[in-house]
$ cat upload08.cif   # mmCIF, C-alpha atoms
data_query
#
loop_
_atom_site.label_atom_id
_atom_site.label_comp_id
_atom_site.auth_asym_id
_atom_site.auth_seq_id
_atom_site.Cartn_x
_atom_site.Cartn_y
_atom_site.Cartn_z
CA MET A 1 6.06 4.98 34.80
CA SER A 2 9.60 5.07 33.41
CA ASP A 3 12.41 7.36 34.60
CA ARG A 4 11.60 9.98 31.98
CA THR A 5 11.68 13.41 33.51
CA SER A 6 10.01 15.13 30.60
CA ILE A 7 7.34 13.77 28.31
CA ASP A 8 6.10 16.01 25.53
CA THR A 9 2.40 15.32 26.01
CA GLN A 10 1.42 18.10 23.61
CA ALA A 11 3.45 16.58 20.76
CA PHE A 12 1.94 13.21 21.61
CA LEU A 13 -1.60 14.61 21.55
CA ARG A 14 -1.06 16.50 18.28
CA THR A 15 0.30 13.38 16.64
CA LEU A 16 -2.43 11.16 18.03
CA ARG A 17 -5.14 13.59 16.89
CA ALA A 18 -3.64 13.72 13.39
CA VAL A 19 -3.47 9.92 13.16
CA ASN A 20 -7.00 9.60 14.52
CA PHE A 21 -8.27 12.18 12.03
CA GLY A 22 -6.53 10.44 9.14
CA THR A 23 -7.92 7.02 9.97
CA PHE A 24 -11.37 8.54 10.51
CA GLU A 25 -11.14 10.15 7.05
CA ILE A 26 -10.47 6.75 5.47
CA ALA A 27 -13.65 5.40 7.07
CA HIS A 28 -15.62 8.57 6.29
CA LYS A 29 -14.79 8.44 2.58
CA VAL A 30 -15.73 4.77 2.33
CA PHE A 31 -19.02 5.41 4.19
CA GLU A 32 -19.81 8.16 1.67
CA GLU A 33 -18.93 5.92 -1.29
CA TYR A 34 -21.37 3.30 0.00
CA GLY A 35 -24.18 5.75 0.66
CA PHE A 36 -24.22 5.58 4.44
CA PRO A 37 -25.27 8.95 5.87
CA HIS A 38 -22.49 10.73 7.77
CA PRO A 39 -24.39 11.16 11.07
CA GLY A 40 -25.14 7.44 11.07
CA MET A 41 -21.52 6.27 10.97
CA ALA A 42 -21.09 5.94 14.74
CA ILE A 43 -24.59 4.54 15.19
CA ILE A 44 -24.13 1.90 12.51
CA GLY A 45 -20.71 1.07 13.93
CA HIS A 46 -22.12 0.62 17.40
CA VAL A 47 -25.07 -1.52 16.27
CA ALA A 48 -22.70 -3.64 14.16
CA SER A 49 -20.53 -4.32 17.22
CA ALA A 50 -23.44 -4.65 19.67
CA PRO A 51 -26.53 -5.96 17.82
CA GLY A 52 -29.73 -5.51 19.78
CA SER A 53 -28.71 -2.24 21.38
CA THR A 54 -31.43 0.24 22.30
CA VAL A 55 -31.45 3.90 21.27
CA SER A 56 -30.55 4.83 24.87
CA GLU A 57 -27.57 2.46 24.86
CA VAL A 58 -26.34 3.84 21.53
CA ALA A 59 -26.72 7.41 22.81
CA ARG A 60 -24.75 6.60 25.97
CA ARG A 61 -22.00 4.82 24.04
CA THR A 62 -21.63 7.43 21.29
CA GLY A 63 -22.14 10.48 23.50
CA PHE A 64 -24.85 11.81 21.18
CA ALA A 65 -28.13 13.21 22.46
CA LYS A 66 -30.82 10.55 22.62
CA SER A 67 -33.13 12.65 20.40
CA ASN A 68 -30.40 12.91 17.73
CA VAL A 69 -29.78 9.16 17.86
CA SER A 70 -33.51 8.49 17.64
CA ASN A 71 -33.93 10.78 14.61
CA THR A 72 -30.88 9.33 12.86
CA VAL A 73 -32.06 5.79 13.58
CA ASP A 74 -35.39 6.63 11.94
CA VAL A 75 -33.50 7.84 8.84
CA LEU A 76 -31.34 4.71 8.81
CA VAL A 77 -34.44 2.52 9.12
CA ALA A 78 -36.15 4.38 6.26
CA GLN A 79 -33.00 3.92 4.13
CA GLY A 80 -32.94 0.20 4.86
CA PHE A 81 -29.73 0.13 6.93
CA LEU A 82 -31.24 -0.64 10.35
CA GLU A 83 -34.29 -2.45 11.57
CA LYS A 84 -36.15 -2.09 14.83
CA ARG A 85 -37.43 -5.14 16.68
CA ASN A 86 -39.43 -5.35 19.87
CA ASP A 87 -37.63 -7.08 22.71
CA PRO A 88 -39.45 -10.40 23.28
CA ARG A 89 -38.93 -10.16 27.06
CA ASP A 90 -39.92 -6.51 27.44
CA GLN A 91 -42.24 -5.07 24.79
CA ARG A 92 -41.39 -1.53 25.92
CA LEU A 93 -37.86 -1.92 24.55
CA VAL A 94 -37.00 -1.60 20.88
CA ARG A 95 -33.76 -3.24 19.79
CA LEU A 96 -31.69 -2.18 16.78
CA TYR A 97 -30.14 -4.52 14.21
CA LEU A 98 -28.34 -4.11 10.92
CA THR A 99 -30.29 -5.22 7.87
CA GLU A 100 -28.78 -7.89 5.61
CA GLU A 101 -28.03 -5.18 3.04
CA ALA A 102 -26.21 -3.03 5.62
CA ASP A 103 -24.28 -6.04 6.88
CA LYS A 104 -23.23 -6.91 3.32
CA ARG A 105 -22.16 -3.33 2.64
CA LEU A 106 -20.21 -3.15 5.90
CA CYS A 107 -18.27 -6.31 5.01
CA GLU A 108 -17.36 -4.81 1.63
CA MET A 109 -16.48 -1.49 3.28
CA LYS A 110 -14.23 -3.17 5.87
CA SER A 111 -12.29 -4.83 3.07
CA ILE A 112 -11.83 -1.49 1.31
CA MET A 113 -10.84 0.31 4.53
CA ASP A 114 -8.36 -2.49 5.35
CA ALA A 115 -6.82 -2.18 1.89
CA ARG A 116 -6.52 1.61 2.18
CA LEU A 117 -5.05 1.43 5.68
CA THR A 118 -2.65 -1.30 4.57
CA GLU A 119 -1.51 1.01 1.78
CA VAL A 120 -0.86 3.80 4.29
CA LEU A 121 0.95 1.50 6.72
CA SER A 122 3.02 -0.12 3.98
CA VAL A 123 5.40 2.86 4.07
CA LEU A 124 6.63 1.60 7.45
CA PRO A 125 9.34 -1.04 7.53
CA LYS A 126 8.09 -4.20 9.27
CA ASP A 127 10.24 -3.67 12.37
CA LYS A 128 8.91 -0.09 12.77
CA PHE A 129 5.34 -1.29 12.31
CA ASP A 130 5.90 -3.98 14.96
CA CYS A 131 7.30 -1.34 17.35
CA LEU A 132 4.34 0.95 16.67
CA LEU A 133 1.85 -1.85 17.30
CA ASP A 134 3.65 -2.83 20.51
CA ALA A 135 3.66 0.77 21.75
CA LEU A 136 -0.03 1.27 20.95
CA THR A 137 -0.88 -2.01 22.70
CA ILE A 138 1.00 -0.87 25.81
CA LEU A 139 -0.82 2.48 25.70
CA LYS A 140 -4.20 0.74 25.29
CA ASP A 141 -3.42 -1.56 28.23
CA ALA A 142 -2.44 1.44 30.38
CA LEU A 143 -5.69 3.21 29.52
CA GLU A 144 -7.68 0.06 30.32
CA LYS A 145 -5.86 -0.23 33.66
CA GLN A 146 -6.88 3.34 34.47
CA GLU A 147 -10.43 2.41 33.35
CA MET A 148 -10.34 5.09 30.63
CA ILE A 149 -11.42 2.59 27.97
CA GLN A 150 -13.20 -0.74 27.98
#
$ encode --input "upload08.cif" --output "structure tokens"
Amino acid sequence: MSDRTSIDTQAFLRTLRAVNFGTFEIAHKVFEEYGFPHPGMAIIGHVASAPGSTVSEVARRTGFAKSNVSNTVDVLVAQGFLEKRNDPRDQRLVRLYLTEEADKRLCEMKSIMDARLTEVLSVLPKDKFDCLLDALTILKDALEKQEMIQ
């Protein structure tokens, strides 16, 4: 750590929470516009990044109760966003995958979210943006080193 004798962790946490909330709101609004159910946002996000996950894996990763994940998955399957497939090596396991329609919608949504976030970030001069990105990368690396994130 640097020679700083006093770090205002509370100001840091308040600011980080506000930024996290704001970026979450961008995603939340786009999810609503595209008809994805609110409780399914994290589940869809996880399955998109880790196709073939099981309900148990999604529950562990999201921190949601397995029963809640299972119920939400059933809703997402009924709405045509997810599909369940039996694992060919172990028929007891059911794997989750995005449907083609969900995948198409997610690609469109990512473009919209990128555009909205770009609009927000465009208020920063390039050198300030570069400093912000560098600082966040250093913070991410420090958290990874402490095994706080993967």
$ closest_residue --input "upload08.cif" --among "A:Met109, A:Leu124, A:Ala42, A:Ala50" --to "A:Leu76" --atoms "all atoms listed in the file"
A:Ala42
$ closest_residue --input "upload08.cif" --among "A:Ile26, A:Met41, A:Leu93, A:Met113" --to "A:Thr54" --atoms "all atoms listed in the file"
A:Leu93
$ residues_around --input "upload08.cif" --residues "stretch 18-25 of chain A" --least-positions-apart "3" --cutoff "10 Å" --atoms "only C-alpha atoms" --output "mmCIF file with C-alpha atoms, in the frame of the given file"
data_model
loop_
_atom_site.group_PDB
_atom_site.id
_atom_site.type_symbol
_atom_site.label_atom_id
_atom_site.label_comp_id
_atom_site.auth_asym_id
_atom_site.auth_seq_id
_atom_site.Cartn_x
_atom_site.Cartn_y
_atom_site.Cartn_z
ATOM 1 C CA PHE A 12 1.940 13.210 21.610
ATOM 2 C CA LEU A 13 -1.600 14.610 21.550
ATOM 3 C CA ARG A 14 -1.060 16.500 18.280
ATOM 4 C CA THR A 15 0.300 13.380 16.640
ATOM 5 C CA HIS A 28 -15.620 8.570 6.290
ATOM 6 C CA LYS A 29 -14.790 8.440 2.580
ATOM 7 C CA VAL A 30 -15.730 4.770 2.330
ATOM 8 C CA PHE A 31 -19.020 5.410 4.190
ATOM 9 C CA MET A 113 -10.840 0.310 4.530
ATOM 10 C CA ARG A 116 -6.520 1.610 2.180
ATOM 11 C CA LEU A 117 -5.050 1.430 5.680
ATOM 12 C CA VAL A 120 -0.860 3.800 4.290
#
$ closest_residue --input "upload08.cif" --among "A:Asn71, A:Ile7, A:Phe81, A:Ala115" --to "A:Thr99" --atoms "only C-alpha atoms"
A:Phe81
$ resolve_selection --input "upload08.cif" --expression "the PyMOL selection byres ((chain A and resi 39) around 12)" --output "VMD selection string"
chain A and resid 28 31 to 32 35 to 38 40 to 45 62 64 68 to 76
$ resolve_selection --input "upload08.cif" --expression "the PyMOL selection byres ((chain A and resi 98) around 7)" --output "number ranges by chain"
A: 47-48, 81-83, 97, 99-100, 102-103
$ closest_residue --input "upload08.cif" --among "A:Lys126, A:Arg95, A:Arg85, A:Met148" --to "A:Val58" --atoms "all atoms listed in the file"
A:Arg95
$ closest_residue --input "upload08.cif" --among "A:His46, A:Lys145, A:Lys140, A:Arg92" --to "A:Arg61" --atoms "all atoms listed in the file"
A:His46
$ atom_distance --input "upload08.cif" --atom1 "atom CA of A:Phe129" --atom2 "atom CA of A:Ala142"
19.9 Å
$ atom_distance --input "upload08.cif" --atom1 "atom CA of A:Leu121" --atom2 "atom CA of A:Asp141"
22.2 Å
$ atom_distance --input "upload08.cif" --atom1 "atom CA of A:Asn86" --atom2 "atom CA of A:Ser53"
11.3 Å
$ closest_residue --input "upload08.cif" --among "A:Leu139, A:Leu16, A:Val55, A:Ala78" --to "A:Val94" --atoms "only C-alpha atoms"
A:Val55
$ decode --input "upload08.cif" --residues "stretch 21-148 of chain A" --atoms "C-alpha atoms" --output "tab-separated table (two decimals), in the first residue's frame"
chain	number	residue	atom	x	y	z
A	21	PHE	CA	-26.35	1.80	-8.87
A	22	GLY	CA	-26.25	4.12	-11.87
A	23	THR	CA	-24.75	1.53	-14.19
A	24	PHE	CA	-27.20	-1.08	-12.88
A	25	GLU	CA	-30.07	1.30	-13.66
A	26	ILE	CA	-28.91	1.59	-17.27
A	27	ALA	CA	-29.05	-2.19	-17.60
A	28	HIS	CA	-32.32	-2.45	-15.67
A	29	LYS	CA	-34.10	0.02	-17.94
A	30	VAL	CA	-32.89	-1.74	-21.08
A	31	PHE	CA	-33.96	-5.14	-19.67
A	32	GLU	CA	-37.43	-3.69	-19.04
A	33	GLU	CA	-37.62	-2.20	-22.54
A	34	TYR	CA	-36.85	-5.63	-24.02
A	35	GLY	CA	-39.33	-7.49	-21.85
A	36	PHE	CA	-36.89	-9.44	-19.72
A	37	PRO	CA	-38.35	-9.97	-16.24
A	38	HIS	CA	-36.48	-8.10	-13.50
A	39	PRO	CA	-35.73	-11.15	-11.31
A	40	GLY	CA	-34.22	-12.90	-14.31
A	41	MET	CA	-31.59	-10.26	-15.08
A	42	ALA	CA	-28.80	-11.87	-13.05
A	43	ILE	CA	-29.81	-15.37	-14.12
A	44	ILE	CA	-29.86	-14.48	-17.80
A	45	GLY	CA	-26.55	-12.66	-17.39
A	46	HIS	CA	-24.95	-15.66	-15.76
A	47	VAL	CA	-26.26	-18.15	-18.33
A	48	ALA	CA	-25.10	-15.83	-21.13
A	49	SER	CA	-21.57	-15.78	-19.69
A	50	ALA	CA	-21.55	-19.47	-18.69
A	51	PRO	CA	-23.81	-21.47	-21.04
A	52	GLY	CA	-24.66	-24.90	-19.71
A	53	SER	CA	-24.77	-23.86	-16.07
A	54	THR	CA	-27.06	-25.77	-13.72
A	55	VAL	CA	-29.62	-24.16	-11.42
A	56	SER	CA	-27.32	-24.92	-8.47
A	57	GLU	CA	-24.37	-23.21	-10.16
A	58	VAL	CA	-26.47	-20.15	-10.99
A	59	ALA	CA	-27.74	-20.00	-7.40
A	60	ARG	CA	-24.20	-20.20	-6.02
A	61	ARG	CA	-22.89	-17.56	-8.42
A	62	THR	CA	-25.76	-15.10	-7.96
A	63	GLY	CA	-26.26	-15.67	-4.23
A	64	PHE	CA	-29.98	-16.32	-4.75
A	65	ALA	CA	-31.80	-19.20	-3.07
A	66	LYS	CA	-31.87	-22.28	-5.27
A	67	SER	CA	-35.69	-22.41	-5.08
A	68	ASN	CA	-35.93	-18.80	-6.30
A	69	VAL	CA	-33.54	-19.50	-9.17
A	70	SER	CA	-35.48	-22.63	-10.08
A	71	ASN	CA	-38.81	-20.78	-10.10
A	72	THR	CA	-37.40	-17.87	-12.11
A	73	VAL	CA	-35.78	-20.27	-14.58
A	74	ASP	CA	-39.18	-21.91	-15.11
A	75	VAL	CA	-40.67	-18.48	-15.88
A	76	LEU	CA	-37.81	-17.66	-18.25
A	77	VAL	CA	-38.26	-21.01	-20.01
A	78	ALA	CA	-42.02	-20.41	-20.36
A	79	GLN	CA	-41.30	-16.93	-21.80
A	80	GLY	CA	-38.87	-18.38	-24.32
A	81	PHE	CA	-35.67	-16.82	-22.93
A	82	LEU	CA	-34.00	-19.98	-21.58
A	83	GLU	CA	-34.05	-23.61	-22.49
A	84	LYS	CA	-33.26	-26.63	-20.37
A	85	ARG	CA	-31.25	-29.52	-21.78
A	86	ASN	CA	-30.29	-32.79	-20.16
A	87	ASP	CA	-26.57	-33.26	-19.71
A	88	PRO	CA	-25.53	-36.04	-22.14
A	89	ARG	CA	-22.98	-37.41	-19.64
A	90	ASP	CA	-25.21	-37.28	-16.57
A	91	GLN	CA	-28.97	-37.42	-17.16
A	92	ARG	CA	-29.61	-36.20	-13.61
A	93	LEU	CA	-28.23	-32.77	-14.51
A	94	VAL	CA	-30.20	-30.16	-16.41
A	95	ARG	CA	-28.17	-27.49	-18.15
A	96	LEU	CA	-29.41	-23.99	-18.98
A	97	TYR	CA	-28.92	-22.18	-22.29
A	98	LEU	CA	-30.16	-18.96	-23.83
A	99	THR	CA	-32.62	-19.38	-26.66
A	100	GLU	CA	-31.78	-17.86	-30.05
A	101	GLU	CA	-34.37	-15.14	-29.39
A	102	ALA	CA	-32.82	-14.28	-26.01
A	103	ASP	CA	-29.35	-14.25	-27.53
A	104	LYS	CA	-30.53	-11.91	-30.29
A	105	ARG	CA	-32.20	-9.60	-27.77
A	106	LEU	CA	-29.11	-9.58	-25.54
A	107	CYS	CA	-26.91	-8.51	-28.47
A	108	GLU	CA	-29.29	-5.65	-29.24
A	109	MET	CA	-29.47	-4.73	-25.55
A	110	LYS	CA	-25.67	-4.70	-25.19
A	111	SER	CA	-25.45	-2.24	-28.06
A	112	ILE	CA	-28.02	0.03	-26.43
A	113	MET	CA	-26.36	-0.21	-23.00
A	114	ASP	CA	-22.96	0.54	-24.57
A	115	ALA	CA	-24.40	3.61	-26.30
A	116	ARG	CA	-26.02	4.86	-23.09
A	117	LEU	CA	-22.88	4.27	-21.03
A	118	THR	CA	-20.76	5.94	-23.73
A	119	GLU	CA	-23.07	8.95	-23.49
A	120	VAL	CA	-22.57	9.09	-19.71
A	121	LEU	CA	-18.79	8.66	-19.97
A	122	SER	CA	-18.47	11.21	-22.77
A	123	VAL	CA	-18.60	14.01	-20.18
A	124	LEU	CA	-15.11	12.95	-19.08
A	125	PRO	CA	-12.11	14.31	-20.96
A	126	LYS	CA	-10.10	11.46	-22.52
A	127	ASP	CA	-7.18	11.85	-20.09
A	128	LYS	CA	-9.56	11.66	-17.08
A	129	PHE	CA	-11.29	8.62	-18.56
A	130	ASP	CA	-7.90	6.94	-19.07
A	131	CYS	CA	-6.96	7.70	-15.44
A	132	LEU	CA	-10.29	6.33	-14.22
A	133	LEU	CA	-9.88	3.14	-16.23
A	134	ASP	CA	-6.31	2.71	-14.96
A	135	ALA	CA	-7.40	3.21	-11.35
A	136	LEU	CA	-10.29	0.76	-11.68
A	137	THR	CA	-7.98	-1.80	-13.29
A	138	ILE	CA	-5.53	-1.46	-10.39
A	139	LEU	CA	-8.40	-1.86	-7.91
A	140	LYS	CA	-9.70	-4.94	-9.76
A	141	ASP	CA	-6.20	-6.46	-9.78
A	142	ALA	CA	-5.84	-5.81	-6.03
A	143	LEU	CA	-9.19	-7.49	-5.35
A	144	GLU	CA	-8.20	-10.47	-7.50
A	145	LYS	CA	-4.90	-10.72	-5.62
A	146	GLN	CA	-6.83	-10.87	-2.35
A	147	GLU	CA	-9.10	-13.48	-4.00
A	148	MET	CA	-12.15	-11.24	-3.49
